[in-house]
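Colleague: One structure, pasted below without further comment.
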Amino acid sequence: MSGLPAILKATEEDIKLLLSAQSHLGTKNCDVHMEPYVWKRRADGVHIINIGKTWEKIVLAARIIVAIENPADICVISARPYGQRAALKFASHTGAQAIAGRFTPGTFTNYITRAFKEPRLIIVTDPLTDHQAIKEASYVNIPVIAFADTESPLKYVDVAIPTNNRSKHSIGLAYWLLAREVLRLRGTISRAAPWEIMVDMFFYRDPEEKAEEEAAAAAAEKVADVAGTWAPGEANPVDWAEGSTPAATAGDWSAEPATADWSADATATDSWGA
């Protein structure tokens, strides 16, 4: 990171975020073009990415993105589910276009296609899964920025950001850091204050987990509504402590006159001895 100005260098907090998201963990395979970004190889065969070069490439990619006058001419592509939420959030904060999900063949080359686009720059989450977009971009001379793992092919990739693109946390953090750096270079946010957008907003969320959280919240709200009249500090509908009793529904049995005195001698109406 010696080639960067002091103001563009990573802070200790940025390095901690990269390490906590496991952005430095690569795979057991390593492409020949990714070797300059690998720091060393562990005993179990996993390659360790140099996060210093990861930060350098994030700053370089942000400077390229800022050089595009119209942010809508930038297209963010993610076919992997883990990167779709991050790509959409990046596009919403920077003004770019997003293609989350399957990339329609011919989007960059076939002008008859309904989803035809002519971007000046594309950003892909994984060169392996987004290979169709990279191949079409090479046909029409569109520069490519890619988040590349140690085994990712770099053919037709102009700027590779070395990071772990298999983890939802590392992908979300990489997009968050890139979006923050773009906004800082544009002057939208200040470097003196932290960005108000939390990095959690860029993380992938499992639909099943989200549905369970919503169901639990709805159940808790329902219980709170039912128990609302009995909350501490509120008056109960009926104050049993003051001696009030529920109204008698069938009358006062003790006030009814006795219909017969069973202890009195019964008057014989007939003579049984006759």
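Identifiers in the structure tokens: chain A, B, ... in order shown; residue index from 1 per chain; ligand index from 1 in order shown.
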Tell me, which residues of range 87-168 of chain A carry DSSP strand (DSSP E), written as a list of chain:residue names?
Modeller: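 The residues of range 87-168 of chain A classed as strand (DSSP E) are A:Gln97, A:Ala98, A:Ile99, A:Ala100, A:Leu121, A:Ile122, A:Ile123, A:Val124, A:Val144, A:Ile145, A:Ala146, A:Phe147, A:Ala148, A:Val159, A:Ala160, A:Ile161, A:Pro162.
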Colleague: Residues of the last selection are to be written out with N, CA, C and O atoms, as a PDB file, in the first residue's frame.
Modeller:
```pdb
ATOM      1  N   GLN A  97     -26.720   0.671 -12.625  1.00  0.00           N
ATOM      2  CA  GLN A  97     -27.729  -0.327 -12.957  1.00  0.00           C
ATOM      3  C   GLN A  97     -27.299  -1.680 -12.395  1.00  0.00           C
ATOM      4  O   GLN A  97     -26.112  -1.955 -12.263  1.00  0.00           O
ATOM      5  N   ALA A  98     -28.264  -2.506 -12.078  1.00  0.00           N
ATOM      6  CA  ALA A  98     -27.973  -3.820 -11.495  1.00  0.00           C
ATOM      7  C   ALA A  98     -28.683  -4.904 -12.276  1.00  0.00           C
ATOM      8  O   ALA A  98     -29.849  -4.753 -12.660  1.00  0.00           O
ATOM      9  N   ILE A  99     -27.969  -5.997 -12.507  1.00  0.00           N
ATOM     10  CA  ILE A  99     -28.552  -7.210 -13.092  1.00  0.00           C
ATOM     11  C   ILE A  99     -28.323  -8.315 -12.071  1.00  0.00           C
ATOM     12  O   ILE A  99     -27.230  -8.886 -11.987  1.00  0.00           O
ATOM     13  N   ALA A 100     -29.339  -8.604 -11.271  1.00  0.00           N
ATOM     14  CA  ALA A 100     -29.247  -9.621 -10.228  1.00  0.00           C
ATOM     15  C   ALA A 100     -29.999 -10.861 -10.691  1.00  0.00           C
ATOM     16  O   ALA A 100     -31.183 -10.795 -11.023  1.00  0.00           O
ATOM     17  N   LEU A 121     -19.041   0.549 -18.360  1.00  0.00           N
ATOM     18  CA  LEU A 121     -18.243  -0.210 -17.400  1.00  0.00           C
ATOM     19  C   LEU A 121     -19.147  -1.243 -16.740  1.00  0.00           C
ATOM     20  O   LEU A 121     -20.302  -0.949 -16.439  1.00  0.00           O
ATOM     21  N   ILE A 122     -18.631  -2.463 -16.519  1.00  0.00           N
ATOM     22  CA  ILE A 122     -19.402  -3.475 -15.801  1.00  0.00           C
ATOM     23  C   ILE A 122     -18.581  -3.968 -14.609  1.00  0.00           C
ATOM     24  O   ILE A 122     -17.345  -3.981 -14.641  1.00  0.00           O
ATOM     25  N   ILE A 123     -19.307  -4.342 -13.553  1.00  0.00           N
ATOM     26  CA  ILE A 123     -18.705  -4.893 -12.339  1.00  0.00           C
ATOM     27  C   ILE A 123     -19.355  -6.246 -12.103  1.00  0.00           C
ATOM     28  O   ILE A 123     -20.586  -6.337 -12.002  1.00  0.00           O
ATOM     29  N   VAL A 124     -18.561  -7.299 -12.028  1.00  0.00           N
ATOM     30  CA  VAL A 124     -19.090  -8.650 -11.844  1.00  0.00           C
ATOM     31  C   VAL A 124     -18.638  -9.192 -10.492  1.00  0.00           C
ATOM     32  O   VAL A 124     -17.576  -8.837  -9.978  1.00  0.00           O
ATOM     33  N   VAL A 144     -13.983  -4.295 -17.644  1.00  0.00           N
ATOM     34  CA  VAL A 144     -14.571  -5.186 -16.644  1.00  0.00           C
ATOM     35  C   VAL A 144     -13.805  -5.063 -15.342  1.00  0.00           C
ATOM     36  O   VAL A 144     -12.574  -5.145 -15.317  1.00  0.00           O
ATOM     37  N   ILE A 145     -14.548  -4.850 -14.245  1.00  0.00           N
ATOM     38  CA  ILE A 145     -14.019  -4.937 -12.883  1.00  0.00           C
ATOM     39  C   ILE A 145     -14.641  -6.176 -12.245  1.00  0.00           C
ATOM     40  O   ILE A 145     -15.863  -6.359 -12.297  1.00  0.00           O
ATOM     41  N   ALA A 146     -13.816  -7.033 -11.659  1.00  0.00           N
ATOM     42  CA  ALA A 146     -14.321  -8.300 -11.123  1.00  0.00           C
ATOM     43  C   ALA A 146     -13.752  -8.557  -9.738  1.00  0.00           C
ATOM     44  O   ALA A 146     -12.583  -8.250  -9.463  1.00  0.00           O
ATOM     45  N   PHE A 147     -14.597  -9.109  -8.857  1.00  0.00           N
ATOM     46  CA  PHE A 147     -14.141  -9.623  -7.560  1.00  0.00           C
ATOM     47  C   PHE A 147     -13.666 -11.054  -7.804  1.00  0.00           C
ATOM     48  O   PHE A 147     -14.477 -11.938  -8.103  1.00  0.00           O
ATOM     49  N   ALA A 148     -12.373 -11.272  -7.677  1.00  0.00           N
ATOM     50  CA  ALA A 148     -11.783 -12.542  -8.089  1.00  0.00           C
ATOM     51  C   ALA A 148     -11.221 -13.295  -6.892  1.00  0.00           C
ATOM     52  O   ALA A 148     -10.551 -12.718  -6.027  1.00  0.00           O
ATOM     53  N   VAL A 159      -9.659  -5.126 -14.312  1.00  0.00           N
ATOM     54  CA  VAL A 159      -9.265  -4.850 -12.928  1.00  0.00           C
ATOM     55  C   VAL A 159      -9.818  -5.967 -12.062  1.00  0.00           C
ATOM     56  O   VAL A 159     -11.037  -6.147 -11.978  1.00  0.00           O
ATOM     57  N   ALA A 160      -8.936  -6.712 -11.417  1.00  0.00           N
ATOM     58  CA  ALA A 160      -9.340  -7.803 -10.532  1.00  0.00           C
ATOM     59  C   ALA A 160      -9.148  -7.360  -9.086  1.00  0.00           C
ATOM     60  O   ALA A 160      -8.061  -6.906  -8.707  1.00  0.00           O
ATOM     61  N   ILE A 161     -10.209  -7.476  -8.295  1.00  0.00           N
ATOM     62  CA  ILE A 161     -10.139  -7.171  -6.864  1.00  0.00           C
ATOM     63  C   ILE A 161     -10.036  -8.497  -6.132  1.00  0.00           C
ATOM     64  O   ILE A 161     -11.019  -9.243  -6.036  1.00  0.00           O
ATOM     65  N   PRO A 162      -8.864  -8.862  -5.624  1.00  0.00           N
ATOM     66  CA  PRO A 162      -8.717 -10.172  -4.979  1.00  0.00           C
ATOM     67  C   PRO A 162      -9.440 -10.223  -3.639  1.00  0.00           C
ATOM     68  O   PRO A 162      -9.163  -9.434  -2.728  1.00  0.00           O
TER      69      PRO A 162
END
```
Colleague: Give me the residues within 9 Å of range 3-16 of chain A as a PyMOL selection string, counting only C-alpha atoms and dropping any in the same chain fewer than 3 places off.
Modeller: chain A and resi 19-21+51-52+55-56+59+177+181+191
Colleague: Could you please determine the separation between CA of Ser23 in chain A and CA of Thr150 in chain A in Å, to one decimal place?
Modeller: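 One can read the CA of Ser23 in chain A to CA of Thr150 in chain A distance as 11.4 Å.
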Colleague: Hey, what's within 8 Å of Lys40 in chain A if we count only C-alpha atoms and toss same-chain stuff fewer than 6 positions away? As a list in words, please?
Modeller: His47, Ile48 and Ile49 of chain A
Colleague: Figure out the distance between CA of Thr54 in chain A and CA of Leu18 in chain A, please, to one decimal in Å.
Modeller: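 Computing it gives 9.3 Å between the two atoms.
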Colleague: For Arg63 in chain A, which residue among A:Val182, A:Met34, A:Val223, A:Ala216 is the nearest when counting only C-alpha atoms?
Modeller: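 Using only C-alpha atoms, Arg63 in chain A sits closest to A:Val182.
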Colleague: Rank nothing, just name the residue among A:Gly83, A:Pro153, A:Pro71, A:Gly106 nearest to Leu183 in chain A, using only C-alpha atoms.
Modeller: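 Once distances to Leu183 in chain A are computed over only C-alpha atoms, the minimum belongs to A:Pro71.
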Colleague: Write out as a ChimeraX atom specification each polymer residue whose atoms come within 7 Å of Tyr156 in chain A, counting only C-alpha atoms; drop sequence neighbours fewer than 2 positions from it.
Modeller: /A:134,138,154,158
Colleague: From the set A:Val157, A:Ala91, A:Leu185, A:Cys75, which residue has the shortest atom-to-atom contact distance to Glu118 in chain A, counting only C-alpha atoms?
Modeller: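 For Glu118 in chain A, the nearest of the given residues is A:Cys75.
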Colleague: From range 26-237 of chain A, collect each residue whose DSSP state is alpha helix (DSSP H) and return the set as a PyMOL selection string.
Modeller: chain A and resi 51-66+81-94+131-139+168-186+207-226
Colleague: Between CA of Gln132 in chain A and CA of Leu25 in chain A, measure the distance and give it in Å to one decimal.
Modeller: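 Spanning CA of Gln132 in chain A to CA of Leu25 in chain A is a straight-line distance of 26.0 Å.
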Colleague: Go through A:Val140, A:Ala96, A:Val38, A:Ala193 one by one, measure the shortest atom-to-atom distance of each to Ile68 in chain A using only C-alpha atoms, and give the residue with the smallest value.
Modeller: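 Smallest distance to Ile68 in chain A is found for A:Ala96.
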